[in-house]
Every structure is written in C-alpha cells, then in structure tokens.
file model-v4.txt (compact mmCIF, C-alpha atoms)
# COMPACT_ATOMS: atom_id res chain seq x y z
CA MET R 386 0.00 0.00 0.00
CA HIS R 387 1.22 3.47 -0.88
CA ASN R 388 2.28 5.52 2.15
CA SER R 389 -0.23 8.33 1.69
CA ASN R 390 -3.03 5.77 1.42
CA LYS R 391 -1.82 4.05 4.56
CA LYS R 392 -1.94 7.36 6.41
CA LEU R 393 -5.44 8.11 5.16
CA GLN R 394 -6.59 4.64 6.08
CA GLN R 395 -5.29 5.02 9.63
CA GLU R 396 -6.89 8.44 9.97
CA ILE R 397 -10.28 7.13 8.79
CA ILE R 398 -10.11 4.16 11.14
CA ARG R 399 -9.11 6.43 14.01
CA ILE R 400 -11.85 9.01 13.67
CA SER R 401 -14.59 6.49 12.82
CA GLY R 402 -13.70 4.01 15.54
CA VAL R 403 -14.57 1.27 13.02
CA ASN R 404 -12.55 -1.89 12.57
CA PRO R 405 -13.13 -2.94 8.93
CA LYS R 406 -11.39 -6.27 9.57
CA LYS R 407 -14.48 -7.44 11.47
CA CYS R 408 -16.47 -7.47 8.21
CA MET R 409 -17.35 -10.93 6.88
CA ARG R 410 -18.64 -9.63 3.53
CA CYS R 411 -22.22 -10.75 3.98
CA GLY R 412 -23.52 -7.64 2.22
CA LYS R 413 -26.41 -7.05 4.62
CA CYS R 414 -25.47 -3.37 4.98
CA THR R 415 -25.87 -2.86 1.25
CA ALA R 416 -29.04 -4.93 1.11
CA THR R 417 -30.65 -2.75 3.78
CA CYS R 418 -29.27 0.62 2.63
CA PRO R 419 -32.04 2.91 1.31
CA ALA R 420 -29.48 4.67 -0.90
CA PHE R 421 -27.58 1.66 -2.23
CA ASP R 422 -28.83 2.04 -5.80
CA GLU R 423 -27.69 5.67 -5.81
CA MET R 424 -24.17 4.73 -4.80
CA GLU R 425 -21.28 4.00 -7.06
CA TYR R 426 -19.64 2.21 -4.12
CA HIS R 427 -22.07 0.37 -1.89
CA PRO R 428 -21.67 0.24 1.90
CA HIS R 429 -20.01 -3.21 1.91
CA GLN R 430 -17.58 -1.96 -0.73
CA PHE R 431 -16.73 1.07 1.43
CA VAL R 432 -15.74 -1.29 4.21
CA ALA R 433 -13.67 -3.52 1.91
CA MET R 434 -11.97 -0.59 0.19
CA VAL R 435 -10.99 1.04 3.48
CA GLU R 436 -9.65 -2.30 4.69
CA ASP R 437 -7.58 -2.59 1.50
CA GLY R 438 -6.40 1.03 1.69
CA ASP R 439 -8.07 1.70 -1.65
CA ILE R 440 -9.30 5.10 -0.50
CA GLU R 441 -8.63 7.54 -3.35
CA PRO R 442 -11.71 6.46 -5.38
CA LEU R 443 -13.92 6.90 -2.32
CA LEU R 444 -12.72 10.47 -1.77
CA LYS R 445 -13.90 11.42 -5.25
CA SER R 446 -17.16 9.52 -5.18
CA GLU R 447 -20.62 11.08 -5.03
CA SER R 448 -21.57 8.06 -2.92
CA LEU R 449 -20.26 10.03 0.07
CA TYR R 450 -23.18 12.43 -0.25
CA ARG R 451 -25.90 9.83 -0.72
CA CYS R 452 -25.57 8.22 2.72
CA LEU R 453 -28.63 9.31 4.73
CA THR R 454 -27.14 8.57 8.17
CA CYS R 455 -30.26 6.48 8.81
CA PHE R 456 -28.18 3.93 10.78
CA ALA R 457 -29.92 0.97 9.10
CA CYS R 458 -26.52 -0.58 8.27
CA VAL R 459 -25.27 0.16 11.78
CA ASP R 460 -28.20 -1.60 13.46
CA ARG R 461 -28.47 -4.53 11.07
CA CYS R 462 -24.80 -5.51 10.68
CA PRO R 463 -24.36 -8.95 12.26
CA ARG R 464 -20.71 -8.14 13.06
CA ASN R 465 -21.27 -4.65 14.45
CA VAL R 466 -18.95 -3.08 11.87
CA GLU R 467 -21.00 0.16 11.64
CA PRO R 468 -20.40 1.04 7.97
CA ALA R 469 -22.15 4.45 8.21
CA LYS R 470 -19.43 5.64 10.58
CA LEU R 471 -16.84 4.76 7.96
CA VAL R 472 -18.72 6.65 5.25
CA GLU R 473 -18.90 9.64 7.60
CA ALA R 474 -15.18 9.52 8.33
CA VAL R 475 -14.29 9.42 4.63
CA ARG R 476 -16.67 12.31 3.94
CA LEU R 477 -15.11 14.33 6.76
CA THR R 478 -11.59 13.77 5.45
CA VAL R 479 -12.80 15.37 2.20
CA ILE R 480 -14.84 18.32 3.49
CA ARG R 481 -12.34 19.22 6.18
CA GLN R 482 -9.91 20.23 3.46
CA LYS R 483 -9.73 23.85 2.38
CA ASP R 484 -12.50 24.88 -0.04
CA ALA R 485 -13.78 21.33 -0.28
CA ASN R 486 -17.33 21.90 0.92
CA HIS R 487 -19.81 19.83 -1.04
CA LEU R 488 -22.62 22.31 -0.34
CA LYS R 489 -22.10 26.06 -0.47
CA ALA R 490 -24.38 28.76 0.88
CA ASP R 491 -24.83 30.15 -2.63
CA ASP R 492 -26.31 26.81 -3.74
CA ILE R 493 -29.15 27.04 -1.24
CA PRO R 494 -31.64 29.53 -2.75
CA ALA R 495 -32.17 27.35 -5.83
CA MET R 496 -32.98 24.37 -3.62
CA LEU R 497 -35.67 26.06 -1.55
CA ASP R 498 -39.42 26.01 -1.73
CA GLU R 499 -41.76 27.64 0.76
CA ASP R 500 -42.41 24.46 2.75
CA ILE R 501 -38.90 23.12 3.19
CA PRO R 502 -38.13 22.82 6.91
CA GLN R 503 -35.08 24.48 8.51
CA GLN R 504 -34.07 21.00 9.61
CA ALA R 505 -33.29 20.06 5.98
CA LEU R 506 -30.87 22.97 5.64
CA VAL R 507 -29.03 22.51 8.91
CA SER R 508 -28.75 18.76 8.34
CA ALA R 509 -27.42 19.17 4.80
CA PHE R 510 -24.86 21.72 6.00
CA ARG R 511 -23.81 19.48 8.85
CA LYS R 512 -23.20 16.60 6.42
CA TYR R 513 -21.86 18.44 3.39
CA ALA R 514 -19.84 21.38 4.67
CA LYS R 515 -17.37 22.51 7.29
CA MET D 1476 -44.37 17.67 36.96
CA LYS D 1477 -41.96 19.95 35.13
CA VAL D 1478 -39.41 18.94 32.52
CA SER D 1479 -36.83 20.87 30.51
CA TYR D 1480 -37.89 21.21 26.90
CA PHE D 1481 -35.70 21.61 23.82
CA PRO D 1482 -37.92 22.65 20.88
CA GLY D 1483 -35.31 22.97 18.12
CA CYS D 1484 -35.05 25.25 15.09
CA THR D 1485 -37.86 23.90 12.94
CA LEU D 1486 -40.44 23.88 15.73
CA LYS D 1487 -40.15 27.65 15.90
CA ASN D 1488 -40.86 27.97 12.18
CA LYS D 1489 -42.20 25.37 9.75
CA ALA D 1490 -43.25 22.88 12.40
CA LYS D 1491 -45.09 25.16 14.82
CA GLN D 1492 -47.97 22.68 15.10
CA LEU D 1493 -45.61 20.03 16.42
CA ASP D 1494 -44.51 22.42 19.18
CA VAL D 1495 -47.80 24.10 20.09
CA TYR D 1496 -49.80 20.86 20.30
CA ALA D 1497 -47.03 19.17 22.25
CA ARG D 1498 -47.18 21.87 24.94
CA ARG D 1499 -50.98 21.87 25.12
CA CYS D 1500 -51.26 18.10 25.33
CA ALA D 1501 -48.55 17.89 27.97
CA GLU D 1502 -50.48 20.38 30.16
CA VAL D 1503 -53.64 18.29 29.88
CA LEU D 1504 -51.60 15.26 30.94
CA GLY D 1505 -50.05 17.02 33.93
CA ILE D 1506 -46.61 17.89 32.57
CA THR D 1507 -45.25 21.39 31.96
CA LEU D 1508 -42.64 21.73 29.24
CA GLU D 1509 -40.22 24.44 30.41
CA GLU D 1510 -38.34 25.72 27.40
CA ILE D 1511 -34.59 25.85 27.97
CA GLU D 1512 -33.39 29.44 27.91
CA ALA D 1513 -31.27 30.48 24.94
CA TRP D 1514 -31.04 26.93 23.56
CA GLN D 1515 -28.94 26.49 20.45
CA CYS D 1516 -29.65 24.41 17.33
CA CYS D 1517 -28.64 20.76 17.64
CA GLY D 1518 -27.35 20.70 14.05
CA GLY D 1519 -29.99 18.33 12.71
CA VAL D 1520 -27.88 15.21 12.43
CA PHE D 1521 -25.38 13.60 14.76
CA THR D 1522 -21.80 13.51 13.49
CA THR D 1523 -20.47 10.07 14.35
CA ALA D 1524 -16.74 10.83 14.14
CA ASN D 1525 -14.93 10.57 17.48
CA ASP D 1526 -13.01 13.79 16.96
CA GLU D 1527 -16.05 16.01 16.28
CA VAL D 1528 -16.41 18.16 19.39
CA ALA D 1529 -17.66 21.64 18.44
CA THR D 1530 -20.67 20.25 16.58
CA LYS D 1531 -21.91 18.62 19.79
CA LEU D 1532 -21.50 21.49 22.25
CA SER D 1533 -25.00 22.89 21.73
CA SER D 1534 -26.47 19.55 22.79
CA VAL D 1535 -24.21 19.40 25.83
CA ARG D 1536 -25.31 22.89 26.86
CA ALA D 1537 -28.97 21.86 26.65
CA LEU D 1538 -28.27 18.72 28.68
CA GLN D 1539 -26.45 20.79 31.26
CA ALA D 1540 -29.26 23.33 31.49
CA ALA D 1541 -31.66 20.50 32.33
CA GLN D 1542 -29.24 19.07 34.88
CA GLU D 1543 -28.96 22.43 36.64
CA LYS D 1544 -32.74 22.39 37.18
CA ASP D 1545 -32.64 18.73 38.14
CA GLN D 1546 -35.08 17.95 35.35
CA ALA D 1547 -35.36 15.42 32.57
CA LEU D 1548 -34.77 16.78 29.06
CA VAL D 1549 -37.65 16.28 26.63
CA THR D 1550 -37.56 16.85 22.88
CA VAL D 1551 -40.37 16.29 20.43
CA CYS D 1552 -38.49 16.60 17.11
CA SER D 1553 -37.05 13.19 16.16
CA ALA D 1554 -33.84 14.77 14.86
CA CYS D 1555 -33.13 16.87 17.96
CA HIS D 1556 -33.82 13.86 20.14
CA ASN D 1557 -31.47 11.68 18.14
CA VAL D 1558 -28.62 14.21 18.24
CA ILE D 1559 -29.01 15.04 21.94
CA LYS D 1560 -29.39 11.43 23.02
CA GLN D 1561 -26.35 10.30 21.03
CA THR D 1562 -24.32 13.21 22.42
CA ASN D 1563 -25.36 12.32 25.96
CA HIS D 1564 -24.38 8.71 25.34
CA ALA D 1565 -20.96 9.82 24.07
CA MET D 1566 -20.51 11.89 27.24
CA GLN D 1567 -21.27 8.81 29.33
CA THR D 1568 -19.17 6.30 27.43
CA ASN D 1569 -16.30 8.09 25.69
CA ALA D 1570 -13.94 9.56 28.30
CA SER D 1571 -11.59 11.30 25.89
CA PHE D 1572 -14.51 12.94 24.07
CA ALA D 1573 -16.05 14.03 27.39
CA ASP D 1574 -12.70 15.46 28.47
CA LYS D 1575 -12.43 17.58 25.31
CA VAL D 1576 -16.03 18.80 25.67
CA ASN D 1577 -15.53 19.74 29.30
CA ARG D 1578 -12.64 22.01 28.44
CA TYR D 1579 -15.31 24.32 27.00
CA ASN D 1580 -17.41 24.16 30.18
CA ASP D 1581 -17.18 26.08 33.45
CA THR D 1582 -18.52 23.04 35.27
CA PRO D 1583 -17.97 19.55 33.87
CA TYR D 1584 -20.94 17.59 32.57
CA ASP D 1585 -21.12 13.86 33.27
CA GLY D 1586 -23.92 12.66 30.99
CA SER D 1587 -26.37 12.12 33.84
CA THR D 1588 -29.39 14.00 32.46
CA ALA D 1589 -32.29 11.70 31.56
CA VAL D 1590 -33.24 12.25 27.90
CA TYR D 1591 -36.77 11.51 26.75
CA HIS D 1592 -38.46 11.81 23.43
CA TYR D 1593 -41.98 13.18 23.91
CA LEU D 1594 -43.35 9.74 22.97
CA GLU D 1595 -41.27 8.16 25.74
CA MET D 1596 -42.53 10.85 28.10
CA LEU D 1597 -46.10 9.83 27.20
CA ARG D 1598 -45.36 6.15 27.73
CA ASP D 1599 -43.00 6.27 30.72
CA LEU D 1600 -43.85 9.46 32.64
CA VAL D 1601 -47.55 9.87 31.86
CA GLY D 1602 -48.66 6.33 31.05
CA VAL D 1603 -50.91 5.13 28.24
CA ASP D 1604 -53.80 4.51 30.67
CA LYS D 1605 -53.79 8.14 31.78
CA ILE D 1606 -53.91 9.31 28.16
CA LYS D 1607 -56.92 7.05 27.64
CA GLU D 1608 -58.68 8.63 30.62
CA LYS D 1609 -58.18 12.14 29.23
CA VAL D 1610 -59.56 11.45 25.74
CA VAL D 1611 -62.67 13.51 24.94
CA ASN D 1612 -62.84 13.02 21.15
CA PRO D 1613 -61.87 9.40 20.44
CA LEU D 1614 -60.78 8.68 16.87
CA LYS D 1615 -63.61 6.17 16.33
CA GLY D 1616 -61.40 3.46 14.94
CA GLU D 1617 -59.73 5.58 12.24
CA LYS D 1618 -56.86 3.69 10.63
CA ILE D 1619 -53.65 5.54 11.45
CA ALA D 1620 -50.22 4.59 10.15
CA ALA D 1621 -47.40 5.59 12.50
CA TYR D 1622 -44.22 6.49 10.63
CA TYR D 1623 -41.05 6.05 12.67
CA GLY D 1624 -38.49 6.66 9.94
CA CYS D 1625 -34.89 6.28 11.01
CA LEU D 1626 -34.12 8.82 13.73
CA LEU D 1627 -36.45 7.71 16.52
CA LEU D 1628 -35.24 4.13 16.67
CA ARG D 1629 -31.65 4.00 15.47
CA PRO D 1630 -28.98 3.36 16.48
CA ASN D 1631 -30.83 1.13 18.91
CA SER D 1632 -27.79 0.54 21.11
CA VAL D 1633 -28.08 4.22 22.05
CA MET D 1634 -31.71 5.21 21.46
CA ARG D 1635 -33.29 2.29 23.34
CA MET D 1636 -36.76 3.63 22.65
CA ASP D 1637 -38.41 0.48 21.42
CA ASP D 1638 -37.85 -2.67 19.38
CA PRO D 1639 -36.15 -1.08 16.34
CA GLU D 1640 -37.61 -3.59 13.89
CA ASN D 1641 -41.06 -3.95 15.42
CA PRO D 1642 -41.84 -0.81 17.42
CA SER D 1643 -45.13 -0.29 19.25
CA ILE D 1644 -44.81 2.99 21.15
CA MET D 1645 -46.84 5.05 18.67
CA GLU D 1646 -49.32 2.24 17.99
CA ASP D 1647 -50.07 1.94 21.72
CA ILE D 1648 -50.81 5.66 21.88
CA ILE D 1649 -52.98 5.50 18.72
CA ARG D 1650 -54.98 2.71 20.36
CA ALA D 1651 -55.30 4.72 23.60
CA ILE D 1652 -56.88 7.63 21.73
CA GLY D 1653 -59.36 5.40 19.92
CA GLY D 1654 -57.60 4.83 16.60
CA THR D 1655 -56.69 1.59 14.86
CA PRO D 1656 -52.95 1.38 14.23
CA VAL D 1657 -51.85 0.21 10.79
CA ILE D 1658 -48.79 -2.02 10.79
CA TYR D 1659 -47.00 -1.70 7.43
CA PRO D 1660 -43.53 -2.80 6.34
CA TYR D 1661 -42.04 0.62 5.53
CA ARG D 1662 -42.79 2.28 8.87
CA ASN D 1663 -39.13 2.28 9.95
CA GLU D 1664 -37.53 2.91 6.54
CA CYS D 1665 -35.98 6.24 5.56
CA CYS D 1666 -37.97 8.99 3.74
CA GLY D 1667 -34.93 10.35 1.89
CA GLY D 1668 -33.99 12.86 4.61
CA TYR D 1669 -31.74 15.79 3.79
CA VAL D 1670 -30.70 14.29 0.45
CA VAL D 1671 -33.92 15.94 -0.82
CA MET D 1672 -31.90 19.17 -1.03
CA GLU D 1673 -29.67 17.80 -3.76
CA SER D 1674 -31.81 15.08 -5.21
CA PRO D 1675 -35.58 15.57 -4.96
CA GLU D 1676 -36.02 12.59 -7.30
CA PHE D 1677 -34.31 10.30 -4.83
CA ALA D 1678 -36.47 11.56 -1.95
CA LYS D 1679 -39.54 11.04 -4.10
CA LYS D 1680 -38.67 7.39 -4.66
CA LYS D 1681 -38.03 6.75 -0.96
CA SER D 1682 -41.12 8.65 0.21
CA ASN D 1683 -43.38 7.00 -2.35
CA ALA D 1684 -42.40 3.57 -1.10
CA VAL D 1685 -43.42 4.62 2.41
CA THR D 1686 -46.79 6.20 1.66
CA GLU D 1687 -47.77 3.52 -0.86
CA SER D 1688 -47.01 0.89 1.74
CA ALA D 1689 -49.16 2.73 4.33
CA ALA D 1690 -51.97 3.28 1.80
CA SER D 1691 -51.97 -0.36 0.70
CA PHE D 1692 -52.57 -1.37 4.31
CA GLY D 1693 -55.60 0.92 4.46
CA ALA D 1694 -54.27 3.97 6.35
CA SER D 1695 -56.40 7.11 6.16
CA ARG D 1696 -53.74 9.27 7.85
CA MET D 1697 -50.09 8.98 8.76
CA VAL D 1698 -48.42 10.43 11.85
CA THR D 1699 -44.79 11.42 12.34
CA ALA D 1700 -42.63 13.27 14.86
CA CYS D 1701 -40.15 14.58 12.31
CA PRO D 1702 -40.59 17.80 10.28
CA LEU D 1703 -38.31 16.55 7.51
CA CYS D 1704 -40.21 13.25 7.19
CA LYS D 1705 -43.46 15.21 7.04
CA TYR D 1706 -42.09 17.47 4.33
CA ASN D 1707 -40.74 14.59 2.23
CA LEU D 1708 -43.88 12.50 2.54
CA GLU D 1709 -46.21 15.39 1.72
CA LYS D 1710 -44.12 16.90 -1.03
CA ASN D 1711 -42.94 13.79 -2.76
CA ALA D 1712 -45.62 11.23 -2.08
CA PRO D 1713 -48.94 12.84 -1.21
CA ALA D 1714 -50.89 9.55 -1.22
CA VAL D 1715 -52.01 9.79 2.41
CA PRO D 1716 -52.39 12.95 4.57
CA VAL D 1717 -49.57 13.31 7.09
CA VAL D 1718 -49.96 15.04 10.46
CA TYR D 1719 -47.74 15.39 13.48
CA PHE D 1720 -48.63 12.87 16.16
CA THR D 1721 -49.08 15.77 18.59
CA GLU D 1722 -51.84 17.13 16.35
CA LEU D 1723 -53.68 13.80 16.46
CA LEU D 1724 -53.26 13.70 20.22
CA ALA D 1725 -54.57 17.27 20.51
CA GLU D 1726 -57.66 16.27 18.50
CA ALA D 1727 -58.36 13.39 20.86
CA LEU D 1728 -57.67 15.39 24.01
CA GLY D 1729 -59.94 18.19 22.80
CA VAL D 1730 -57.29 20.94 22.69
CA LYS D 1731 -56.71 21.22 18.96
CA GLU D 1732 -58.85 24.34 18.46
CA ASP D 1733 -57.36 26.07 21.49
CA ALA D 1734 -53.90 25.45 20.12
CA ASN D 1735 -54.65 27.38 16.95
CA ALA D 1736 -55.42 30.53 18.92
call {"tool": "encode", "arguments": {"input": "model-v4.txt", "output": "structure tokens"}}
result
Amino acid sequence: MHNSNKKLQQEIIRISGVNPKKCMRCGKCTATCPAFDEMEYHPHQFVAMVEDGDIEPLLKSESLYRCLTCFACVDRCPRNVEPAKLVEAVRLTVIRQKDANHLKADDIPAMLDEDIPQQALVSAFRKYAK
Amino acid sequence: MKVSYFPGCTLKNKAKQLDVYARRCAEVLGITLEEIEAWQCCGGVFTTANDEVATKLSSVRALQAAQEKDQALVTVCSACHNVIKQTNHAMQTNASFADKVNRYNDTPYDGSTAVYHYLEMLRDLVGVDKIKEKVVNPLKGEKIAAYYGCLLLRPNSVMRMDDPENPSIMEDIIRAIGGTPVIYPYRNECCGGYVVMESPEFAKKKSNAVTESAASFGASRMVTACPLCKYNLEKNAPAVPVVYFTELLAEALGVKEDANA
C-alpha cells in the first residue's frame, strides 16, 4: 500500500472508531441501505476498500453524499462493523480540506421552496460542509 | 411535573404545530414543558466521528441546562432527540470525548441528564392509561399509520426507545386515543432525509415507497414526529395525509382548536 493511502486509512479508522477487519462480507449493509442504488460504491464496498487502503476512489465519489445517516446498516450488521461511521469519516476527510465543501451557501436559494423545513438545511450543511 | 424542553429550530418555524400541540397536550396530561433558555440548534444530524467536538457542544449545553434544574430533558423533534441522546451517550461512554467537551465548560458535565423523546414521556412518565382517561374526542377506529423513519429508533444501542424492527410505542398511543394502528412494512424505513436538497427525485422514490405501503394497508392518515419526514412524505408522495402525532393527540384530548389561537 502506498504511504499516503496508509496514512489516510489510519486516519479514517481512528476518527470512525470502526474496525473494517471485522467485516465478513455478507452484504447485509448494502441490502438494507435505502441509498444503495444511488451509490457507485455500496456500503459493503466502502468497508472492503478502506480495509484494502483503496481510498482515493472513495474520496472522489458522489456516494459520500448519498448516505442518509439512517443507521440501518449500523443496526443490522451482524458483526457490528457500523459502515455508516466509515462513510462519515471518509466524507469528513474530504470536506475538512480547504475549499472542499460539497454544499455552499450560494447553492441554497435554488434548492428552496416555501415548505422546506429548517431542519433540511441545517442537516445538509452538517453533512456536506465545514 | 416539570421537565426541561428543547424545541429545536424547525419547531419555531415550519413545524409550529408540532410544538404548540405538544405543549398543550402535555399540560392536559399534567406535565409542563419548560423551554430551555437560549437553547442552540442541535445541528440536525449527529456527526459520528470521534473527533467532532464543536458540533456537539450545543447539545451538551442543553443537557447541562436540564441538569442544573434537576429535570429530565424532553424533545419532540425526532432529529433533535437523536442528536441530543447520542451526544449524551458519548458523554457517558467516551472519556476522551467528554474530556475535550468539558474544556469548553465552566462546570464539567457527566452525561447524567435523563433524555426523553416526547413519545417516551407519554409512555413512561404519563402512562398510556392516563392518556386514555383524558380522551374527549376518540378517533372512532380511524386507521392511522405511524411512521417512525430512522431517527427515533436507530442506532438502537443508544436510542433504546423500542424494538427497532417492530416498534409499538406510537401504535399503543394511537390505540389509547381510539384509533386503529396500521402495521405496514415501511414504517421504519428512511424517507430520503436531507438528500432531498440535492436530489428531490431520490427523496420522491423513498417517500413513495413509504406512503404507498401505508396506503396499501388501508391507512387514512399517517403520523410522524419529524418535520423533515413530514415534508418529504407530503411533497414527494402525497398519497395519504400526514400530520404530526401531537396534532392527532390534541384532536383526541380536545385541545386542537385552542392550540390554533
């Protein structure tokens, strides 16, 4: 594994608290994920790719912004791997970089209608921007 | 009985009914919701990373405000409840996180505040039997589909509200106020959440699956505790009318009209 990938892998494991080695590849996380068909890399692939240190493709993937943080994969994983925490850690390593916010304040007006709750905005900012 | 109450951002704006009916119903049932002074937004979703500290301070401050008054902390918005409860759990179980948080505090917080969702308050502090006694306009058997979504139940290791795959807390309350609960397979699946901002099509697909499931089991109305669920279901899948569960409760307890004043 390339050194920079190794470093990224360790950082993601550290901030997520997830041990990807516990995964037995049953795929239940992906089967239960409400966003799996919107994701280029499915939850079980996230786990495998982090375990392999194959992290660069994940950093560039839109899949990071399709996770709903619904915790279905967290609750239903038979090995308690908690894939959503891994997705979150990868997303944070991206948006914590300078000018790497996925959602910008200027994008908001075009997304609004008169009924949209404040909760949608604060949640999207919490997930997509730093 | 008095409890500390954290309304949250949306309950002051788009979800006023959720807030107003919650307060009225609580009074009828003998509980006063005392709004925490100068509360700050919970942020809408819990950030699971261990090293996220600043994003959780508003929740800690609310928990501490309740502790200072020796009260339980009650929230009615599913999202606020989820964020605050997970933050409290992290304060109890993650010593290095708690240590970092407490460097921002004049007095350390130990995670000892009891956190209730309003539904848990109804079940555990009021009691379903007492609700039944206070009903003046029973629902006459109307078929009501309770929508849990994701935030109320998960992660179960922290939330501990109910059986996460076969919950009954809302159904028991629906029964107590004279309704017939509809059990349908999508009641604990996600509505599409905040992804609606970027991808309304995606939210439409997720929300449709939920309302079609409820409709196919004969529901005439759906109830939720989450403003974002309500928005997604109404906007993207208007098959069945959706109301806040506090509104339904207010109808049954005879305080709905008062609450509009």
call {"tool": "residues_around", "arguments": {"input": "model-v4.txt", "residues": "Lys483 of chain R", "least_positions_apart": "4", "cutoff": "12 Å", "atoms": "all atoms listed in the file", "output": "list in words"}}
result
Leu477, Thr478, Val479, His487, Ala514 and Lys515 of chain R
call {"tool": "interface_residues", "arguments": {"input": "model-v4.txt", "of": "chain R", "to": "chain D", "cutoff": "8 Å", "atoms": "only C-alpha atoms", "output": "count of residues only"}}
result
31
call {"tool": "closest_residue", "arguments": {"input": "model-v4.txt", "among": "R:Ile440, R:Cys452, R:Ala490, R:Leu471", "to": "Asn388 of chain R", "atoms": "all atoms listed in the file"}}
result
R:Ile440
call {"tool": "atom_distance", "arguments": {"input": "model-v4.txt", "atom1": "atom CA of Ala1651 of chain D", "atom2": "atom CA of Val1610 of chain D"}}
result
8.2 Å
call {"tool": "closest_residue", "arguments": {"input": "model-v4.txt", "among": "D:Glu1646, D:Asp1574, D:Asp1585, D:Asp1494", "to": "Arg1662 of chain D", "atoms": "all atoms listed in the file"}}
result
D:Glu1646
call {"tool": "residues_around", "arguments": {"input": "model-v4.txt", "residues": "Asn390 of chain R", "least_positions_apart": "6", "cutoff": "8 Å", "atoms": "all atoms listed in the file", "output": "list in words"}}
result
Gly438, Asp439, Ile440 and Glu441 of chain R
call {"tool": "closest_residue", "arguments": {"input": "model-v4.txt", "among": "R:Val472, R:Met386, R:Glu396, R:Pro405", "to": "His427 of chain R", "atoms": "only C-alpha atoms"}}
result
R:Val472
call {"tool": "atom_distance", "arguments": {"input": "model-v4.txt", "atom1": "atom CA of Lys1607 of chain D", "atom2": "atom CA of Glu1510 of chain D"}}
result
26.3 Å
call {"tool": "atom_distance", "arguments": {"input": "model-v4.txt", "atom1": "atom CA of Asn1641 of chain D", "atom2": "atom CA of Glu467 of chain R"}}
result
20.8 Å
call {"tool": "residues_around", "arguments": {"input": "model-v4.txt", "residues": "segment 1683-1686 of chain D", "least_positions_apart": "5", "cutoff": "8 Å", "atoms": "only C-alpha atoms", "output": "list in words"}}
result
Tyr1661, Arg1662, Glu1664, Cys1666, Leu1708, Asn1711, Ala1712, Pro1713, Ala1714 and Val1715 of chain D
call {"tool": "residues_near_point", "arguments": {"input": "model-v4.txt", "point": "(-17.1, 1.6, -1.1)", "cutoff": "9 Å", "atoms": "only C-alpha atoms", "output": "compact mmCIF listing (two decimals) with C-alpha atoms, keeping the file's coordinate frame"}}
result
# COMPACT_ATOMS: atom_id res chain seq x y z
CA MET R 424 -24.17 4.73 -4.80
CA GLU R 425 -21.28 4.00 -7.06
CA TYR R 426 -19.64 2.21 -4.12
CA HIS R 427 -22.07 0.37 -1.89
CA PRO R 428 -21.67 0.24 1.90
CA HIS R 429 -20.01 -3.21 1.91
CA GLN R 430 -17.58 -1.96 -0.73
CA PHE R 431 -16.73 1.07 1.43
CA VAL R 432 -15.74 -1.29 4.21
CA ALA R 433 -13.67 -3.52 1.91
CA MET R 434 -11.97 -0.59 0.19
CA VAL R 435 -10.99 1.04 3.48
CA ILE R 440 -9.30 5.10 -0.50
CA PRO R 442 -11.71 6.46 -5.38
CA LEU R 443 -13.92 6.90 -2.32
CA SER R 446 -17.16 9.52 -5.18
CA SER R 448 -21.57 8.06 -2.92
CA VAL R 472 -18.72 6.65 5.25
